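Structure data follow from entry25.csv (CSV, C-alpha atoms):
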chain,number,residue,atom,x,y,z
A,10,MET,CA,-22.7,-24.7,6.0
A,11,ASP,CA,-26.1,-23.2,5.1
A,12,ASP,CA,-26.9,-20.7,2.4
A,13,VAL,CA,-26.7,-17.7,4.7
A,14,ASP,CA,-23.2,-18.6,5.8
A,15,ILE,CA,-22.1,-19.1,2.2
A,16,ARG,CA,-23.6,-15.7,1.2
A,17,LYS,CA,-21.8,-14.0,4.1
A,18,LEU,CA,-18.5,-15.7,3.1
A,19,LYS,CA,-18.9,-14.6,-0.5
A,20,GLU,CA,-19.7,-11.0,0.6
A,21,ARG,CA,-16.6,-11.0,2.8
A,22,ASN,CA,-14.5,-12.3,0.0
A,23,VAL,CA,-15.7,-9.5,-2.3
A,24,LYS,CA,-14.7,-6.9,0.3
A,25,VAL,CA,-11.3,-8.5,1.0
A,26,GLU,CA,-10.6,-8.6,-2.8
A,27,ALA,CA,-11.6,-4.9,-3.1
A,28,ASP,CA,-9.4,-4.0,-0.1
A,29,LYS,CA,-6.5,-5.8,-1.6
A,30,ALA,CA,-7.0,-4.2,-5.0
A,31,TRP,CA,-7.1,-0.8,-3.4
A,32,GLU,CA,-3.9,-1.5,-1.4
A,33,THR,CA,-2.0,-2.5,-4.5
A,34,SER,CA,-3.5,0.1,-6.9
A,35,TRP,CA,-1.6,2.9,-8.6
A,36,THR,CA,-4.4,5.2,-7.7
A,37,ARG,CA,-3.7,4.8,-4.0
A,38,ARG,CA,0.0,5.2,-4.6
A,39,LEU,CA,-0.4,8.4,-6.6
A,40,ILE,CA,-2.8,9.9,-4.0
A,41,ILE,CA,-0.3,9.2,-1.2
A,42,ALA,CA,2.5,10.7,-3.4
A,43,VAL,CA,0.5,13.9,-4.0
A,44,ILE,CA,-0.3,14.2,-0.3
A,45,THR,CA,3.4,13.6,0.5
A,46,TYR,CA,4.4,16.3,-2.0
A,47,ILE,CA,2.0,18.8,-0.7
A,48,VAL,CA,3.0,18.3,2.9
A,49,ALA,CA,6.7,18.4,2.0
A,50,VAL,CA,6.3,21.6,0.0
A,51,THR,CA,4.3,23.2,2.8
A,52,TYR,CA,6.9,22.3,5.4
A,53,MET,CA,9.8,23.4,3.3
A,54,ARG,CA,8.2,26.7,2.6
A,55,TRP,CA,7.4,27.1,6.3
A,56,VAL,CA,11.0,26.6,7.3
A,57,GLY,CA,12.2,28.9,4.6
A,58,LEU,CA,14.0,26.7,2.1
A,59,SER,CA,14.7,28.3,-1.2
A,60,THR,CA,13.5,25.5,-3.5
A,61,PRO,CA,10.6,23.7,-1.8
A,62,PHE,CA,8.9,22.6,-5.0
A,63,PHE,CA,12.0,20.9,-6.2
A,64,GLY,CA,13.1,19.6,-2.8
A,65,ALA,CA,9.7,18.0,-2.2
A,66,LEU,CA,10.3,15.7,-5.1
A,67,ILE,CA,12.9,13.8,-3.0
A,68,PRO,CA,10.5,12.3,-0.4
A,69,THR,CA,7.8,11.8,-2.9
A,70,GLY,CA,10.2,10.0,-5.3
A,71,GLY,CA,11.5,7.9,-2.4
A,72,TYR,CA,7.9,6.9,-1.5
A,73,LEU,CA,7.2,5.9,-5.1
A,74,LEU,CA,10.5,3.9,-5.4
A,75,SER,CA,9.7,2.1,-2.1
A,76,THR,CA,6.3,1.0,-3.5
A,77,LEU,CA,8.1,-0.5,-6.5
A,78,SER,CA,10.3,-2.7,-4.3
A,79,LEU,CA,7.6,-3.8,-1.9
A,80,PRO,CA,6.0,-6.5,-4.2
A,81,PHE,CA,9.5,-8.1,-4.7
A,82,MET,CA,10.3,-7.9,-1.0
A,83,LYS,CA,6.9,-9.3,-0.1
A,84,ASN,CA,7.3,-12.3,-2.4
A,85,PHE,CA,10.9,-12.9,-1.1
A,86,TRP,CA,9.5,-12.8,2.5
A,87,ILE,CA,6.7,-15.2,1.8
A,88,ASP,CA,8.9,-17.6,-0.1
A,89,ASN,CA,11.9,-17.6,2.3
A,90,LEU,CA,11.0,-16.2,5.7
A,91,TYR,CA,7.3,-16.7,6.4
A,92,LYS,CA,6.6,-19.8,8.5
A,93,LYS,CA,4.3,-21.7,6.3
A,94,LYS,CA,1.2,-23.0,8.0
A,95,ASP,CA,-0.5,-26.3,7.2
A,96,ILE,CA,-3.8,-25.2,5.6
A,97,SER,CA,-5.3,-28.7,5.7
A,98,SER,CA,-6.2,-28.4,9.4

Represent the structure contained in this file as structure tokens.
Amino acid sequence: MDDVDIRKLKERNVKVEADKAWETSWTRRLIIAVITYIVAVTYMRWVGLSTPFFGALIPTGGYLLSTLSLPFMKNFWIDNLYKKKDISS
């Protein structure tokens, strides 16, 4: 492997690490939660529900709770269900 290949691999690793950090960040979760809340309020007002600002907390809270369980479920899946591949080949 020459220096150009190593540099490209390091650049790719930096991008992959940044993408992973974004995927697991609370900033991303909160942005999605705010968008979910706004969409839910808009829809609930459009259909004429009497308490859209309160009612929109339900799907938003559900989303946030689901993000809390995902790391646990991911680890369980990797440890128990994922078919481990031989990395030596």

Test item: residues at most 12 Å from A:Ile40, all atoms listed in the file, excluding those fewer than 6 positions along its chain, as a PDB file with C-alpha atoms, in the frame of the given file:
ATOM      1  CA  TRP A  31      -7.100  -0.800  -3.400  1.00  0.00           C
ATOM      2  CA  GLU A  32      -3.900  -1.500  -1.400  1.00  0.00           C
ATOM      3  CA  SER A  34      -3.500   0.100  -6.900  1.00  0.00           C
ATOM      4  CA  TYR A  46       4.400  16.300  -2.000  1.00  0.00           C
ATOM      5  CA  ILE A  47       2.000  18.800  -0.700  1.00  0.00           C
ATOM      6  CA  THR A  69       7.800  11.800  -2.900  1.00  0.00           C
ATOM      7  CA  TYR A  72       7.900   6.900  -1.500  1.00  0.00           C
ATOM      8  CA  LEU A  73       7.200   5.900  -5.100  1.00  0.00           C
TER       9      LEU A  73
END

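Going from atom CA of A:Pro80 to atom CA of A:Phe63 covers 28.1 Å.
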
Å distance separating atom CA of A:Trp86 from atom CA of A:Lys29, one decimal place: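 For atom CA of A:Trp86 relative to atom CA of A:Lys29, the distance reads 17.9 Å.
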
Within 12 Å of A:Ile44 using only C-alpha atoms, minus same-chain residues under 5 positions, as a VMD selection string: chain A and resid 37 to 39 49 to 51 65 to 66 68 to 69 72

Could you state the separation of atom CA of A:Glu20 and atom CA of A:Ile41 in Å, given to one decimal place? 28.1 Å

Incomplete stretch 23-48 of chain A brought to N, CA, C and O atoms, written out as a PDB file, in the frame of the given file:
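selection-v2.pdb written:
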ATOM      1  N   VAL A  23     -15.610 -10.662  -1.391  1.00  0.00           N
ATOM      2  CA  VAL A  23     -15.700  -9.500  -2.300  1.00  0.00           C
ATOM      3  C   VAL A  23     -15.036  -8.296  -1.655  1.00  0.00           C
ATOM      4  O   VAL A  23     -14.254  -7.579  -2.282  1.00  0.00           O
ATOM      5  N   LYS A  24     -15.332  -8.071  -0.366  1.00  0.00           N
ATOM      6  CA  LYS A  24     -14.700  -6.900   0.300  1.00  0.00           C
ATOM      7  C   LYS A  24     -13.234  -7.081   0.482  1.00  0.00           C
ATOM      8  O   LYS A  24     -12.487  -6.125   0.248  1.00  0.00           O
ATOM      9  N   VAL A  25     -12.780  -8.280   0.824  1.00  0.00           N
ATOM     10  CA  VAL A  25     -11.300  -8.500   1.000  1.00  0.00           C
ATOM     11  C   VAL A  25     -10.630  -8.307  -0.371  1.00  0.00           C
ATOM     12  O   VAL A  25      -9.558  -7.694  -0.425  1.00  0.00           O
ATOM     13  N   GLU A  26     -11.224  -8.773  -1.462  1.00  0.00           N
ATOM     14  CA  GLU A  26     -10.600  -8.600  -2.800  1.00  0.00           C
ATOM     15  C   GLU A  26     -10.568  -7.097  -3.149  1.00  0.00           C
ATOM     16  O   GLU A  26      -9.573  -6.627  -3.714  1.00  0.00           O
ATOM     17  N   ALA A  27     -11.618  -6.347  -2.818  1.00  0.00           N
ATOM     18  CA  ALA A  27     -11.600  -4.900  -3.100  1.00  0.00           C
ATOM     19  C   ALA A  27     -10.571  -4.188  -2.269  1.00  0.00           C
ATOM     20  O   ALA A  27      -9.858  -3.313  -2.781  1.00  0.00           O
ATOM     21  N   ASP A  28     -10.458  -4.558  -0.997  1.00  0.00           N
ATOM     22  CA  ASP A  28      -9.400  -4.000  -0.100  1.00  0.00           C
ATOM     23  C   ASP A  28      -8.034  -4.244  -0.675  1.00  0.00           C
ATOM     24  O   ASP A  28      -7.176  -3.363  -0.704  1.00  0.00           O
ATOM     25  N   LYS A  29      -7.787  -5.464  -1.103  1.00  0.00           N
ATOM     26  CA  LYS A  29      -6.500  -5.800  -1.600  1.00  0.00           C
ATOM     27  C   LYS A  29      -6.204  -5.066  -2.944  1.00  0.00           C
ATOM     28  O   LYS A  29      -5.094  -4.575  -3.161  1.00  0.00           O
ATOM     29  N   ALA A  30      -7.217  -4.946  -3.790  1.00  0.00           N
ATOM     30  CA  ALA A  30      -7.000  -4.200  -5.000  1.00  0.00           C
ATOM     31  C   ALA A  30      -6.701  -2.738  -4.747  1.00  0.00           C
ATOM     32  O   ALA A  30      -5.839  -2.151  -5.405  1.00  0.00           O
ATOM     33  N   TRP A  31      -7.346  -2.142  -3.742  1.00  0.00           N
ATOM     34  CA  TRP A  31      -7.100  -0.800  -3.400  1.00  0.00           C
ATOM     35  C   TRP A  31      -5.629  -0.644  -2.831  1.00  0.00           C
ATOM     36  O   TRP A  31      -4.889   0.264  -3.194  1.00  0.00           O
ATOM     37  N   GLU A  32      -5.230  -1.571  -1.963  1.00  0.00           N
ATOM     38  CA  GLU A  32      -3.900  -1.500  -1.400  1.00  0.00           C
ATOM     39  C   GLU A  32      -2.786  -1.597  -2.404  1.00  0.00           C
ATOM     40  O   GLU A  32      -1.722  -1.034  -2.212  1.00  0.00           O
ATOM     41  N   THR A  33      -3.013  -2.289  -3.492  1.00  0.00           N
ATOM     42  CA  THR A  33      -2.000  -2.500  -4.500  1.00  0.00           C
ATOM     43  C   THR A  33      -2.171  -1.547  -5.725  1.00  0.00           C
ATOM     44  O   THR A  33      -1.390  -1.621  -6.669  1.00  0.00           O
ATOM     45  N   SER A  34      -3.188  -0.693  -5.701  1.00  0.00           N
ATOM     46  CA  SER A  34      -3.500   0.100  -6.900  1.00  0.00           C
ATOM     47  C   SER A  34      -2.557   1.306  -7.040  1.00  0.00           C
ATOM     48  O   SER A  34      -2.047   1.869  -6.065  1.00  0.00           O
ATOM     49  N   TRP A  35      -2.343   1.700  -8.287  1.00  0.00           N
ATOM     50  CA  TRP A  35      -1.600   2.900  -8.600  1.00  0.00           C
ATOM     51  C   TRP A  35      -2.323   4.149  -8.176  1.00  0.00           C
ATOM     52  O   TRP A  35      -1.727   5.174  -7.849  1.00  0.00           O
ATOM     53  N   THR A  36      -3.657   4.082  -8.172  1.00  0.00           N
ATOM     54  CA  THR A  36      -4.400   5.200  -7.700  1.00  0.00           C
ATOM     55  C   THR A  36      -4.096   5.577  -6.286  1.00  0.00           C
ATOM     56  O   THR A  36      -3.839   6.737  -5.951  1.00  0.00           O
ATOM     57  N   ARG A  37      -4.048   4.586  -5.415  1.00  0.00           N
ATOM     58  CA  ARG A  37      -3.700   4.800  -4.000  1.00  0.00           C
ATOM     59  C   ARG A  37      -2.276   5.347  -3.889  1.00  0.00           C
ATOM     60  O   ARG A  37      -2.023   6.295  -3.149  1.00  0.00           O
ATOM     61  N   ARG A  38      -1.360   4.762  -4.631  1.00  0.00           N
ATOM     62  CA  ARG A  38       0.000   5.200  -4.600  1.00  0.00           C
ATOM     63  C   ARG A  38       0.165   6.675  -5.003  1.00  0.00           C
ATOM     64  O   ARG A  38       0.894   7.455  -4.392  1.00  0.00           O
ATOM     65  N   LEU A  39      -0.531   7.027  -6.075  1.00  0.00           N
ATOM     66  CA  LEU A  39      -0.400   8.400  -6.600  1.00  0.00           C
ATOM     67  C   LEU A  39      -1.093   9.389  -5.598  1.00  0.00           C
ATOM     68  O   LEU A  39      -0.583  10.499  -5.399  1.00  0.00           O
ATOM     69  N   ILE A  40      -2.209   9.008  -4.983  1.00  0.00           N
ATOM     70  CA  ILE A  40      -2.800   9.900  -4.000  1.00  0.00           C
ATOM     71  C   ILE A  40      -1.896  10.127  -2.822  1.00  0.00           C
ATOM     72  O   ILE A  40      -1.713  11.266  -2.379  1.00  0.00           O
ATOM     73  N   ILE A  41      -1.258   9.068  -2.329  1.00  0.00           N
ATOM     74  CA  ILE A  41      -0.300   9.200  -1.200  1.00  0.00           C
ATOM     75  C   ILE A  41       0.888  10.071  -1.668  1.00  0.00           C
ATOM     76  O   ILE A  41       1.373  10.921  -0.909  1.00  0.00           O
ATOM     77  N   ALA A  42       1.360   9.876  -2.900  1.00  0.00           N
ATOM     78  CA  ALA A  42       2.500  10.700  -3.400  1.00  0.00           C
ATOM     79  C   ALA A  42       2.120  12.147  -3.484  1.00  0.00           C
ATOM     80  O   ALA A  42       2.925  13.016  -3.099  1.00  0.00           O
ATOM     81  N   VAL A  43       0.929  12.456  -3.953  1.00  0.00           N
ATOM     82  CA  VAL A  43       0.500  13.900  -4.000  1.00  0.00           C
ATOM     83  C   VAL A  43       0.390  14.466  -2.646  1.00  0.00           C
ATOM     84  O   VAL A  43       0.851  15.600  -2.412  1.00  0.00           O
ATOM     85  N   ILE A  44      -0.189  13.730  -1.712  1.00  0.00           N
ATOM     86  CA  ILE A  44      -0.300  14.200  -0.300  1.00  0.00           C
ATOM     87  C   ILE A  44       1.106  14.440   0.251  1.00  0.00           C
ATOM     88  O   ILE A  44       1.376  15.462   0.905  1.00  0.00           O
ATOM     89  N   THR A  45       2.017  13.490   0.015  1.00  0.00           N
ATOM     90  CA  THR A  45       3.400  13.600   0.500  1.00  0.00           C
ATOM     91  C   THR A  45       4.044  14.867  -0.078  1.00  0.00           C
ATOM     92  O   THR A  45       4.703  15.633   0.637  1.00  0.00           O
ATOM     93  N   TYR A  46       3.854  15.106  -1.373  1.00  0.00           N
ATOM     94  CA  TYR A  46       4.400  16.300  -2.000  1.00  0.00           C
ATOM     95  C   TYR A  46       3.894  17.567  -1.425  1.00  0.00           C
ATOM     96  O   TYR A  46       4.655  18.490  -1.102  1.00  0.00           O
ATOM     97  N   ILE A  47       2.583  17.635  -1.248  1.00  0.00           N
ATOM     98  CA  ILE A  47       2.000  18.800  -0.700  1.00  0.00           C
ATOM     99  C   ILE A  47       2.461  19.122   0.720  1.00  0.00           C
ATOM    100  O   ILE A  47       2.811  20.257   1.064  1.00  0.00           O
ATOM    101  N   VAL A  48       2.517  18.084   1.538  1.00  0.00           N
ATOM    102  CA  VAL A  48       3.000  18.300   2.900  1.00  0.00           C
ATOM    103  C   VAL A  48       4.461  18.691   2.921  1.00  0.00           C
ATOM    104  O   VAL A  48       4.854  19.599   3.666  1.00  0.00           O
TER     105      VAL A  48
END
